[in-house]
$ cat input_27.csv   # CSV, C-alpha atoms and all ligand atoms
chain,number,residue,atom,x,y,z
X,175,MET,CA,21.0,-43.3,-31.5
X,176,GLU,CA,21.2,-40.7,-28.7
X,177,SER,CA,21.2,-41.9,-25.1
X,178,PRO,CA,18.6,-40.3,-22.9
X,179,ASP,CA,21.5,-38.6,-21.0
X,180,ALA,CA,22.9,-37.0,-24.1
X,181,ARG,CA,19.4,-35.8,-25.0
X,182,SER,CA,18.7,-34.1,-21.7
X,183,SER,CA,22.1,-32.3,-21.6
X,184,ASP,CA,21.9,-30.8,-25.1
X,185,PRO,CA,20.8,-27.2,-24.5
X,186,ARG,CA,19.1,-26.8,-27.8
X,187,LEU,CA,17.1,-30.0,-27.4
X,188,MET,CA,16.2,-29.0,-23.8
X,189,ALA,CA,14.9,-25.6,-25.0
X,190,LYS,CA,12.9,-27.4,-27.7
X,191,GLN,CA,11.4,-29.8,-25.2
X,192,ARG,CA,10.5,-26.9,-22.9
X,193,GLU,CA,8.9,-25.1,-25.7
X,194,GLN,CA,6.9,-28.3,-26.6
X,195,HIS,CA,5.9,-28.7,-23.0
X,196,ASN,CA,4.7,-25.1,-22.8
X,197,LEU,CA,2.7,-25.4,-26.0
X,198,GLU,CA,0.9,-28.4,-24.5
X,199,ARG,CA,-0.1,-26.5,-21.4
X,200,PRO,CA,-3.3,-24.3,-21.6
X,201,LEU,CA,-2.7,-20.6,-22.0
X,202,THR,CA,-5.3,-18.7,-20.0
X,203,THR,CA,-5.9,-15.2,-18.8
X,204,GLY,CA,-5.9,-16.4,-15.2
X,205,TYR,CA,-9.5,-15.3,-14.6
X,206,ASN,CA,-11.2,-18.0,-16.7
X,207,ASP,CA,-10.6,-21.5,-18.0
X,208,ILE,CA,-10.6,-20.6,-21.7
X,209,ASP,CA,-7.5,-22.0,-23.3
X,210,LEU,CA,-6.3,-19.3,-25.7
X,211,ARG,CA,-4.3,-21.8,-27.7
X,212,ARG,CA,-7.7,-23.4,-28.7
X,213,TRP,CA,-9.6,-20.1,-29.0
X,214,LYS,CA,-11.5,-21.3,-32.0
X,215,GLU,CA,-13.1,-24.1,-30.0
X,216,TYR,CA,-15.5,-21.8,-28.0
X,217,PRO,CA,-18.2,-20.8,-30.4
X,218,HIS,CA,-20.7,-20.8,-27.6
X,219,ILE,CA,-19.0,-18.0,-25.8
X,220,GLU,CA,-20.1,-14.5,-26.7
X,221,THR,CA,-17.6,-11.8,-27.6
X,222,GLY,CA,-20.0,-9.3,-29.2
X,223,SER,CA,-21.7,-6.5,-27.3
X,224,LEU,CA,-25.2,-7.2,-28.6
X,225,TRP,CA,-26.9,-10.3,-27.0
X,226,THR,CA,-30.1,-11.4,-28.7
X,227,ILE,CA,-31.3,-14.3,-26.5
X,228,PRO,CA,-34.4,-15.8,-28.1
X,229,SER,CA,-35.8,-17.5,-25.0
X,230,ARG,CA,-34.9,-18.2,-21.4
X,231,ALA,CA,-32.9,-21.4,-20.8
X,232,ARG,CA,-35.0,-23.9,-18.7
X,233,GLY,CA,-34.1,-27.0,-16.8
X,234,ASP,CA,-31.2,-27.5,-14.4
X,235,GLY,CA,-33.3,-26.0,-11.7
X,236,HIS,CA,-34.1,-22.7,-13.6
X,237,ALA,CA,-37.7,-21.5,-13.9
X,238,LEU,CA,-39.5,-18.2,-14.4
X,239,GLU,CA,-41.1,-18.5,-11.0
X,240,TYR,CA,-39.9,-15.1,-9.8
X,241,HIS,CA,-40.9,-11.9,-11.6
X,242,GLY,CA,-37.7,-10.0,-12.0
X,243,ASN,CA,-35.1,-12.8,-12.3
X,244,PHE,CA,-32.6,-12.7,-15.1
X,245,VAL,CA,-32.3,-15.3,-17.9
X,246,PRO,CA,-29.7,-18.0,-16.9
X,247,GLN,CA,-27.8,-17.3,-20.1
X,248,ILE,CA,-26.5,-14.0,-18.5
X,249,ALA,CA,-24.9,-16.1,-15.7
X,250,THR,CA,-23.7,-18.8,-18.1
X,251,GLN,CA,-21.9,-16.3,-20.4
X,252,THR,CA,-20.4,-14.1,-17.7
X,253,PHE,CA,-19.3,-17.0,-15.4
X,254,LEU,CA,-17.5,-18.7,-18.3
X,255,ARG,CA,-15.8,-15.5,-19.4
X,256,PHE,CA,-14.9,-14.1,-16.0
X,257,SER,CA,-14.4,-17.0,-13.5
X,258,ARG,CA,-12.7,-20.4,-13.2
X,259,GLU,CA,-14.0,-23.7,-11.9
X,260,GLY,CA,-13.9,-23.6,-8.1
X,261,ASP,CA,-14.1,-19.8,-8.0
X,262,VAL,CA,-16.4,-17.9,-5.6
X,263,VAL,CA,-19.2,-15.9,-7.2
X,264,LEU,CA,-20.7,-13.3,-4.9
X,265,ASP,CA,-24.2,-12.1,-5.8
X,266,LEU,CA,-25.5,-9.2,-3.6
X,267,PHE,CA,-29.1,-9.3,-5.0
X,268,LEU,CA,-29.6,-13.1,-5.1
X,269,GLY,CA,-33.4,-13.0,-5.7
X,270,SER,CA,-34.6,-16.5,-6.7
X,271,GLY,CA,-31.0,-17.7,-7.0
X,272,THR,CA,-30.3,-17.9,-10.7
X,273,SER,CA,-26.6,-17.1,-10.1
X,274,ALA,CA,-26.3,-19.8,-7.4
X,275,ILE,CA,-28.0,-22.5,-9.6
X,276,GLU,CA,-25.7,-21.6,-12.5
X,277,ALA,CA,-22.6,-21.5,-10.3
X,278,VAL,CA,-23.4,-25.1,-9.1
X,279,ARG,CA,-24.0,-26.3,-12.7
X,280,LEU,CA,-20.7,-24.8,-13.8
X,281,ASN,CA,-18.7,-26.1,-10.8
X,282,ARG,CA,-18.3,-22.7,-9.1
X,283,ARG,CA,-19.1,-21.8,-5.5
X,284,CYS,CA,-21.6,-19.1,-4.7
X,285,LEU,CA,-22.3,-16.7,-1.8
X,286,GLY,CA,-25.7,-15.0,-2.2
X,287,VAL,CA,-27.1,-12.1,-0.2
X,288,GLU,CA,-30.8,-11.3,-0.3
X,289,LEU,CA,-33.0,-9.0,1.7
X,290,ARG,CA,-36.2,-11.1,1.6
X,291,PRO,CA,-36.0,-14.0,4.1
X,292,ASP,CA,-38.6,-16.0,2.2
X,293,LEU,CA,-36.4,-16.1,-0.9
X,294,VAL,CA,-33.3,-17.1,1.2
X,295,GLU,CA,-35.4,-19.9,2.5
X,296,GLN,CA,-36.7,-21.0,-0.9
X,297,VAL,CA,-33.2,-20.9,-2.5
X,298,GLY,CA,-31.9,-22.9,0.4
X,299,GLN,CA,-34.5,-25.6,-0.1
X,300,LYS,CA,-33.9,-25.6,-3.9
X,301,LEU,CA,-30.1,-26.0,-3.5
X,302,ALA,CA,-30.2,-28.0,-0.2
X,303,GLY,CA,-27.5,-30.4,-1.5
X,304,ALA,CA,-25.1,-27.7,-2.6
X,305,VAL,CA,-25.6,-25.8,0.7
X,306,ALA,CA,-24.9,-29.0,2.7
X,307,ALA,CA,-21.8,-29.7,0.6
X,308,GLY,CA,-20.5,-26.2,1.2
X,309,GLN,CA,-20.7,-25.1,-2.4
X,310,VAL,CA,-23.4,-22.5,-1.8
X,311,CYS,CA,-23.7,-20.1,1.2
X,312,LEU,CA,-26.7,-17.9,1.7
X,313,LEU,CA,-27.1,-14.8,3.9
X,314,GLN,CA,-30.2,-12.7,4.6
X,315,GLY,CA,-29.3,-9.0,4.9
X,316,ASP,CA,-29.1,-5.5,3.4
X,317,SER,CA,-26.3,-5.5,0.9
X,318,ALA,CA,-25.9,-1.7,1.3
X,319,ALA,CA,-25.0,-2.1,4.9
X,320,GLU,CA,-21.4,-2.2,6.1
X,321,GLU,CA,-22.4,-4.8,8.7
X,322,THR,CA,-23.5,-7.1,5.8
X,323,ARG,CA,-20.1,-6.6,4.1
X,324,ASP,CA,-18.4,-7.8,7.3
X,325,ARG,CA,-20.7,-10.8,7.6
X,326,VAL,CA,-20.0,-11.8,3.9
X,327,ARG,CA,-16.3,-11.5,4.6
X,328,ALA,CA,-16.6,-13.7,7.7
X,329,ALA,CA,-18.8,-16.2,5.9
X,330,MET,CA,-16.3,-16.6,3.0
X,331,ALA,CA,-13.4,-17.1,5.5
X,332,ALA,CA,-15.4,-19.7,7.5
X,333,ALA,CA,-16.7,-21.6,4.5
X,334,TRP,CA,-13.8,-21.5,2.2
X,335,GLU,CA,-10.9,-19.8,3.9
X,336,LYS,CA,-11.1,-17.0,1.3
X,337,CYS,CA,-10.9,-13.3,2.1
X,338,ALA,CA,-12.2,-12.1,-1.3
X,339,ALA,CA,-14.7,-13.2,-4.0
X,340,ASP,CA,-13.6,-14.0,-7.6
X,341,LEU,CA,-16.6,-12.6,-9.4
X,342,LEU,CA,-19.2,-10.1,-8.3
X,343,VAL,CA,-22.8,-10.1,-9.7
X,344,LEU,CA,-25.2,-7.2,-9.1
X,345,HIS,CA,-28.7,-7.3,-10.4
X,346,PRO,CA,-30.5,-4.6,-8.4
X,347,PRO,CA,-34.1,-3.7,-8.7
X,348,TYR,CA,-34.6,-1.2,-11.6
X,349,ALA,CA,-35.5,1.4,-9.0
X,350,ASP,CA,-39.3,1.1,-8.4
X,351,ILE,CA,-40.3,-0.7,-11.6
X,352,ILE,CA,-41.0,-3.9,-9.7
X,353,ARG,CA,-41.6,-3.5,-5.9
X,354,PHE,CA,-39.9,-6.6,-4.3
X,355,SER,CA,-41.0,-5.9,-0.7
X,356,ASP,CA,-42.0,-3.1,1.6
X,357,HIS,CA,-38.8,-3.4,3.6
X,358,PRO,CA,-37.3,0.1,4.0
X,359,ALA,CA,-33.8,-1.1,2.9
X,360,ASP,CA,-35.2,-2.6,-0.3
X,361,LEU,CA,-33.7,-0.6,-3.3
X,362,SER,CA,-37.1,-0.9,-5.0
X,363,ASN,CA,-38.6,1.2,-2.2
X,364,THR,CA,-36.3,4.2,-2.4
X,365,ALA,CA,-38.2,7.5,-2.7
X,366,SER,CA,-36.3,9.0,-5.6
X,367,THR,CA,-33.7,8.2,-8.2
X,368,GLU,CA,-31.1,10.0,-6.1
X,369,ALA,CA,-32.0,7.8,-3.1
X,370,PHE,CA,-31.8,4.6,-5.3
X,371,LEU,CA,-28.4,5.6,-6.6
X,372,ALA,CA,-27.1,6.4,-3.1
X,373,ALA,CA,-28.2,2.9,-1.9
X,374,PHE,CA,-26.8,1.3,-5.1
X,375,THR,CA,-23.5,3.1,-4.6
X,376,ARG,CA,-23.2,1.7,-1.1
X,377,VAL,CA,-23.7,-1.8,-2.5
X,378,ALA,CA,-21.1,-1.1,-5.2
X,379,ARG,CA,-18.6,0.0,-2.6
X,380,ASN,CA,-19.3,-3.2,-0.5
X,381,GLY,CA,-18.9,-5.3,-3.6
X,382,TYR,CA,-15.6,-3.5,-4.4
X,383,ASP,CA,-14.2,-4.2,-0.9
X,384,LEU,CA,-15.2,-7.9,-1.2
X,385,LEU,CA,-13.8,-8.6,-4.7
X,386,ALA,CA,-10.3,-9.7,-5.3
X,387,PRO,CA,-8.1,-7.2,-7.2
X,388,GLY,CA,-8.0,-7.7,-11.0
X,389,ARG,CA,-11.4,-9.6,-11.0
X,390,PHE,CA,-14.7,-8.7,-12.6
X,391,ALA,CA,-18.1,-7.4,-11.7
X,392,VAL,CA,-21.3,-7.9,-13.8
X,393,VAL,CA,-24.1,-5.4,-13.3
X,394,VAL,CA,-27.5,-6.2,-14.9
X,395,ILE,CA,-29.7,-3.1,-15.1
X,396,GLY,CA,-32.4,-1.5,-17.3
X,397,ASP,CA,-33.6,2.1,-17.7
X,398,LYS,CA,-37.1,3.4,-16.7
X,399,TYR,CA,-39.5,6.2,-17.6
X,400,ALA,CA,-40.8,8.7,-15.1
X,401,GLY,CA,-42.8,11.9,-15.6
X,402,SER,CA,-42.7,11.6,-19.4
X,403,GLU,CA,-38.9,11.4,-19.3
X,404,LEU,CA,-36.3,8.6,-19.6
X,405,VAL,CA,-34.3,7.9,-16.5
X,406,PRO,CA,-31.0,6.3,-17.7
X,407,LEU,CA,-30.5,4.0,-14.7
X,408,GLY,CA,-28.0,2.0,-16.7
X,409,PHE,CA,-25.6,5.0,-17.2
X,410,LEU,CA,-26.2,6.2,-13.7
X,411,CYS,CA,-25.3,2.8,-12.2
X,412,LEU,CA,-22.2,2.6,-14.5
X,413,GLN,CA,-21.1,6.0,-13.1
X,414,ALA,CA,-21.8,4.7,-9.5
X,415,MET,CA,-19.6,1.7,-10.2
X,416,ASN,CA,-16.8,3.9,-11.6
X,417,ASP,CA,-17.1,6.1,-8.5
X,418,ALA,CA,-16.7,3.0,-6.3
X,419,GLY,CA,-13.4,2.3,-8.1
X,420,PHE,CA,-14.3,-0.1,-10.9
X,421,ARG,CA,-13.1,0.3,-14.5
X,422,THR,CA,-15.6,-0.1,-17.4
X,423,LYS,CA,-14.7,-3.0,-19.7
X,424,SER,CA,-17.8,-3.4,-21.8
X,425,ILE,CA,-21.4,-2.3,-22.1
X,426,VAL,CA,-23.4,-5.2,-23.4
X,427,VAL,CA,-26.9,-4.5,-24.7
X,428,LYS,CA,-29.2,-7.5,-24.3
X,429,ASN,CA,-32.8,-7.9,-25.6
X,430,ILE,CA,-35.5,-8.4,-23.0
X,431,GLU,CA,-37.9,-10.6,-25.0
X,432,GLY,CA,-36.8,-13.6,-22.9
X,433,ASN,CA,-38.2,-12.0,-19.8
X,434,GLU,CA,-41.7,-11.3,-21.0
X,435,VAL,CA,-44.6,-13.3,-19.8
X,436,GLY,CA,-47.8,-13.4,-21.9
X,437,LYS,CA,-47.9,-9.8,-23.0
X,438,GLY,CA,-50.2,-9.1,-26.0
X,439,ARG,CA,-53.1,-6.7,-25.5
X,440,SER,CA,-51.2,-4.7,-22.9
X,441,ASN,CA,-48.2,-4.5,-25.4
X,442,ASN,CA,-50.5,-3.0,-28.0
X,443,LEU,CA,-51.7,-0.4,-25.4
X,444,TRP,CA,-48.0,0.5,-24.7
X,445,ARG,CA,-47.4,0.8,-28.5
X,446,TYR,CA,-50.3,3.3,-28.7
X,447,ARG,CA,-48.9,5.2,-25.7
X,448,ALA,CA,-45.4,5.2,-27.3
X,449,LEU,CA,-46.8,6.6,-30.6
X,450,LYS,CA,-48.8,9.2,-28.8
X,451,SER,CA,-46.1,10.4,-26.4
X,452,GLY,CA,-42.9,10.2,-28.4
X,453,PHE,CA,-40.9,7.5,-26.7
X,454,TYR,CA,-39.7,4.0,-27.6
X,455,LEU,CA,-40.7,0.8,-25.7
X,456,PHE,CA,-37.8,-0.8,-23.8
X,457,LYS,CA,-36.6,-3.9,-25.7
X,458,HIS,CA,-33.2,-3.9,-24.1
X,459,GLU,CA,-31.3,-3.9,-20.8
X,460,TYR,CA,-27.6,-3.7,-20.0
X,461,VAL,CA,-25.0,-6.2,-18.8
X,462,LEU,CA,-22.2,-3.9,-17.6
X,463,ILE,CA,-18.8,-5.6,-17.4
X,464,MET,CA,-16.6,-3.9,-14.9
X,465,GLN,CA,-13.1,-4.7,-13.4
X,466,LYS,CA,-11.5,-3.9,-10.1
X,467,PRO,CA,-8.0,-2.7,-10.9
X,468,GLY,CA,-5.3,-5.3,-10.2
X,501,LIG,C1,-33.8,-7.9,-9.8
X,501,LIG,S1,-34.0,-8.9,-8.4
X,501,LIG,C2,-32.6,-10.1,-8.6
X,501,LIG,C3,-33.1,-11.3,-9.3
X,501,LIG,C4,-32.0,-12.4,-9.4
X,501,LIG,N1,-30.9,-12.0,-10.3
X,501,LIG,C5,-32.6,-13.7,-10.0
X,501,LIG,O1,-32.3,-14.1,-11.1
X,501,LIG,O2,-33.5,-14.2,-9.3
X,501,LIG,C6,-33.4,-7.9,-7.1
X,501,LIG,C7,-33.5,-8.5,-5.8
X,501,LIG,O3,-32.8,-7.6,-4.9
X,501,LIG,C8,-33.4,-7.8,-3.6
X,501,LIG,N2,-33.0,-6.6,-2.8
X,501,LIG,C9,-33.5,-5.3,-2.9
X,501,LIG,N3,-32.9,-4.5,-2.0
X,501,LIG,C10,-31.9,-5.2,-1.4
X,501,LIG,C11,-30.9,-4.9,-0.5
X,501,LIG,N4,-30.8,-3.7,0.1
X,501,LIG,N5,-30.1,-5.9,-0.1
X,501,LIG,C12,-30.2,-7.2,-0.6
X,501,LIG,N6,-31.1,-7.5,-1.5
X,501,LIG,C13,-32.0,-6.5,-1.9
X,501,LIG,C14,-34.9,-7.9,-3.9
X,501,LIG,O4,-35.6,-8.5,-2.8
X,501,LIG,C15,-34.8,-8.7,-5.2
X,501,LIG,O5,-35.0,-10.1,-4.9

$ encode --input "input_27.csv" --output "structure tokens" --more "lines below"
Ligand SMILES: C[S@@+](CC[C@H](N)C(=O)[O-])C[C@H]1O[C@@H](n2cnc3c(N)ncnc32)[C@H](O)[C@@H]1O
Amino acid sequence: MESPDARSSDPRLMAKQREQHNLERPLTTGYNDIDLRRWKEYPHIETGSLWTIPSRARGDGHALEYHGNFVPQIATQTFLRFSREGDVVLDLFLGSGTSAIEAVRLNRRCLGVELRPDLVEQVGQKLAGAVAAGQVCLLQGDSAAEETRDRVRAAMAAAWEKCAADLLVLHPPYADIIRFSDHPADLSNTASTEAFLAAFTRVARNGYDLLAPGRFAVVVIGDKYAGSELVPLGFLCLQAMNDAGFRTKSIVVKNIEGNEVGKGRSNNLWRYRALKSGFYLFKHEYVLIMQKPG
């Protein structure tokens, strides 16, 4: 039988042991925790570009209490694909805090910025434990302003000694489809599509500056109709992200059934209008997957 000394000095055996050791270590992309050696063990993770989500996930603090929040599954899917445990998710349109709730559930940290002080207050109460533990940090402010970018940077440094976020989430108002407040800096209050895009571009640039190189941004956006014409906000925002420096990785089309609350008669009226005026009713929105070059 070989002595342990003989075993460790045999170069072929050592190479084999190294190979065995490497095979036992997870093989990851570096931006998520998916072990590529066990890639068949993740059937719950989407890889297709069409997401049909039958209903909104409930529980774990999620609720449809805020008209205009996204279904938690968008956060679940994108956080698992584009972040690791412990990473910092930056959401510059926090709303009712879906990203923050999901970040806590999936053991990520979250910094959320929201213009409406009442929402910042509500999310702070809902996630009081995580805020006290330093897992969630909330700021009230205009995400299009350079001053807010500097405050976010200072907050990340103070809370976590980090100078950049690991994943960026942008779920802006779909222009004026839902008015979120009458604040002049609210993107749902912009006077025209051009003004909306100019403000969105400023947020995209701030997000770019605050994101670590090589990491991902997720934009959730839908189109709108105005003056008997479709306004392709999805494509326009994609262009704005490219102009800010991001590369396009994927355009996911997601159904919007999960967001609907008690339509019915009004749905029929819209169906009549669609047939009469030559358009299709929106049944989808986009989840744009972008990457900051490494
Ligand atoms: C579509 S909602 C986001 C919903 C969020 N994803 C959720 O699940 O609750 C857009 C949010 O952006 C906020 N908002 C609008 N303009 C803003 C700005 N300039 N800076 C920061 N937040 C803004 C609105 O108050 C609104 O809550």

$ residues_near_ligand --input "input_27.csv" --ligand "ligand LIG 501 (chain X)" --cutoff "9 Å" --atoms "only C-alpha atoms and all ligand atoms" --output "PyMOL selection string"
chain X and resi 238-246+249+265-273+287-291+293+314-319+322+343-348+352-355+357-363+373-374+377+394-395

$ atom_distance --input "input_27.csv" --atom1 "CA of Glu198 (chain X)" --atom2 "CA of Leu280 (chain X)"
24.4 Å

$ atom_distance --input "input_27.csv" --atom1 "CA of Pro228 (chain X)" --atom2 "CA of Ile430 (chain X)"
9.1 Å

$ residues_near_point --input "input_27.csv" --point "(-16.3, -14.1, 4.8)" --cutoff "12 Å" --atoms "all atoms listed in the file" --output "MDAnalysis selection string"
chainID X and resid 262 264 284:286 311:313 321:339 383:385

$ closest_residue --input "input_27.csv" --among "X:His236, X:Arg255, X:His195, X:Lys190" --to "Asp209 (chain X)" --atoms "all atoms listed in the file"
X:Arg255

$ closest_residue --input "input_27.csv" --among "X:Asp340, X:Asp184, X:Glu320, X:Glu220" --to "Tyr205 (chain X)" --atoms "all atoms listed in the file"
X:Asp340

$ closest_residue --input "input_27.csv" --among "X:Arg447, X:Arg258, X:Arg230, X:Lys457" --to "Asp207 (chain X)" --atoms "only C-alpha atoms"
X:Arg258

$ build_atoms --input "input_27.csv" --residues "region 248-272 of chain X" --atoms "N, CA and C atoms" --output "PDB file, keeping the file's coordinate frame"
ATOM      1  N   ILE X 248     -27.369 -15.121 -18.962  1.00  0.00           N
ATOM      2  CA  ILE X 248     -26.500 -14.000 -18.500  1.00  0.00           C
ATOM      3  C   ILE X 248     -25.424 -14.581 -17.581  1.00  0.00           C
ATOM      4  N   ALA X 249     -25.882 -15.440 -16.664  1.00  0.00           N
ATOM      5  CA  ALA X 249     -24.900 -16.100 -15.700  1.00  0.00           C
ATOM      6  C   ALA X 249     -23.982 -16.991 -16.479  1.00  0.00           C
ATOM      7  N   THR X 250     -24.525 -17.798 -17.378  1.00  0.00           N
ATOM      8  CA  THR X 250     -23.700 -18.800 -18.100  1.00  0.00           C
ATOM      9  C   THR X 250     -22.548 -18.019 -18.827  1.00  0.00           C
ATOM     10  N   GLN X 251     -22.929 -17.009 -19.610  1.00  0.00           N
ATOM     11  CA  GLN X 251     -21.900 -16.300 -20.400  1.00  0.00           C
ATOM     12  C   GLN X 251     -20.886 -15.616 -19.530  1.00  0.00           C
ATOM     13  N   THR X 252     -21.338 -14.901 -18.512  1.00  0.00           N
ATOM     14  CA  THR X 252     -20.400 -14.100 -17.700  1.00  0.00           C
ATOM     15  C   THR X 252     -19.530 -15.009 -16.806  1.00  0.00           C
ATOM     16  N   PHE X 253     -20.112 -16.107 -16.314  1.00  0.00           N
ATOM     17  CA  PHE X 253     -19.300 -17.000 -15.400  1.00  0.00           C
ATOM     18  C   PHE X 253     -18.206 -17.655 -16.265  1.00  0.00           C
ATOM     19  N   LEU X 254     -18.539 -18.071 -17.504  1.00  0.00           N
ATOM     20  CA  LEU X 254     -17.500 -18.700 -18.300  1.00  0.00           C
ATOM     21  C   LEU X 254     -16.422 -17.756 -18.742  1.00  0.00           C
ATOM     22  N   ARG X 255     -16.779 -16.493 -18.975  1.00  0.00           N
ATOM     23  CA  ARG X 255     -15.800 -15.500 -19.400  1.00  0.00           C
ATOM     24  C   ARG X 255     -14.950 -14.970 -18.222  1.00  0.00           C
ATOM     25  N   PHE X 256     -15.572 -14.855 -17.038  1.00  0.00           N
ATOM     26  CA  PHE X 256     -14.900 -14.100 -16.000  1.00  0.00           C
ATOM     27  C   PHE X 256     -14.704 -14.901 -14.663  1.00  0.00           C
ATOM     28  N   SER X 257     -14.787 -16.231 -14.733  1.00  0.00           N
ATOM     29  CA  SER X 257     -14.400 -17.000 -13.500  1.00  0.00           C
ATOM     30  C   SER X 257     -13.924 -18.383 -13.957  1.00  0.00           C
ATOM     31  N   ARG X 258     -13.253 -19.031 -13.003  1.00  0.00           N
ATOM     32  CA  ARG X 258     -12.700 -20.400 -13.200  1.00  0.00           C
ATOM     33  C   ARG X 258     -13.514 -21.380 -12.419  1.00  0.00           C
ATOM     34  N   GLU X 259     -13.384 -22.644 -12.747  1.00  0.00           N
ATOM     35  CA  GLU X 259     -14.000 -23.700 -11.900  1.00  0.00           C
ATOM     36  C   GLU X 259     -13.465 -23.549 -10.500  1.00  0.00           C
ATOM     37  N   GLY X 260     -14.347 -23.685  -9.515  1.00  0.00           N
ATOM     38  CA  GLY X 260     -13.900 -23.600  -8.100  1.00  0.00           C
ATOM     39  C   GLY X 260     -13.969 -22.180  -7.567  1.00  0.00           C
ATOM     40  N   ASP X 261     -14.052 -21.173  -8.451  1.00  0.00           N
ATOM     41  CA  ASP X 261     -14.100 -19.800  -8.000  1.00  0.00           C
ATOM     42  C   ASP X 261     -15.327 -19.463  -7.178  1.00  0.00           C
ATOM     43  N   VAL X 262     -15.243 -18.369  -6.425  1.00  0.00           N
ATOM     44  CA  VAL X 262     -16.400 -17.900  -5.600  1.00  0.00           C
ATOM     45  C   VAL X 262     -17.086 -16.756  -6.319  1.00  0.00           C
ATOM     46  N   VAL X 263     -18.362 -16.963  -6.649  1.00  0.00           N
ATOM     47  CA  VAL X 263     -19.200 -15.900  -7.200  1.00  0.00           C
ATOM     48  C   VAL X 263     -20.001 -15.286  -6.101  1.00  0.00           C
ATOM     49  N   LEU X 264     -19.923 -13.967  -5.982  1.00  0.00           N
ATOM     50  CA  LEU X 264     -20.700 -13.300  -4.900  1.00  0.00           C
ATOM     51  C   LEU X 264     -21.821 -12.500  -5.600  1.00  0.00           C
ATOM     52  N   ASP X 265     -23.078 -12.831  -5.238  1.00  0.00           N
ATOM     53  CA  ASP X 265     -24.200 -12.100  -5.800  1.00  0.00           C
ATOM     54  C   ASP X 265     -24.913 -11.377  -4.636  1.00  0.00           C
ATOM     55  N   LEU X 266     -24.910 -10.036  -4.709  1.00  0.00           N
ATOM     56  CA  LEU X 266     -25.500  -9.200  -3.600  1.00  0.00           C
ATOM     57  C   LEU X 266     -26.944  -8.937  -3.739  1.00  0.00           C
ATOM     58  N   PHE X 267     -27.579  -9.410  -4.837  1.00  0.00           N
ATOM     59  CA  PHE X 267     -29.100  -9.300  -5.000  1.00  0.00           C
ATOM     60  C   PHE X 267     -29.517 -10.685  -5.504  1.00  0.00           C
ATOM     61  N   LEU X 268     -29.471 -11.670  -4.651  1.00  0.00           N
ATOM     62  CA  LEU X 268     -29.600 -13.100  -5.100  1.00  0.00           C
ATOM     63  C   LEU X 268     -30.987 -13.385  -5.679  1.00  0.00           C
ATOM     64  N   GLY X 269     -32.055 -12.743  -5.172  1.00  0.00           N
ATOM     65  CA  GLY X 269     -33.400 -13.000  -5.700  1.00  0.00           C
ATOM     66  C   GLY X 269     -33.737 -14.495  -5.570  1.00  0.00           C
ATOM     67  N   SER X 270     -34.161 -15.082  -6.707  1.00  0.00           N
ATOM     68  CA  SER X 270     -34.600 -16.500  -6.700  1.00  0.00           C
ATOM     69  C   SER X 270     -33.364 -17.424  -6.939  1.00  0.00           C
ATOM     70  N   GLY X 271     -32.163 -16.869  -6.975  1.00  0.00           N
ATOM     71  CA  GLY X 271     -31.000 -17.700  -7.000  1.00  0.00           C
ATOM     72  C   GLY X 271     -30.440 -18.175  -8.312  1.00  0.00           C
ATOM     73  N   THR X 272     -30.755 -17.436  -9.391  1.00  0.00           N
ATOM     74  CA  THR X 272     -30.300 -17.900 -10.700  1.00  0.00           C
ATOM     75  C   THR X 272     -28.736 -18.019 -10.714  1.00  0.00           C
TER      76      THR X 272
END
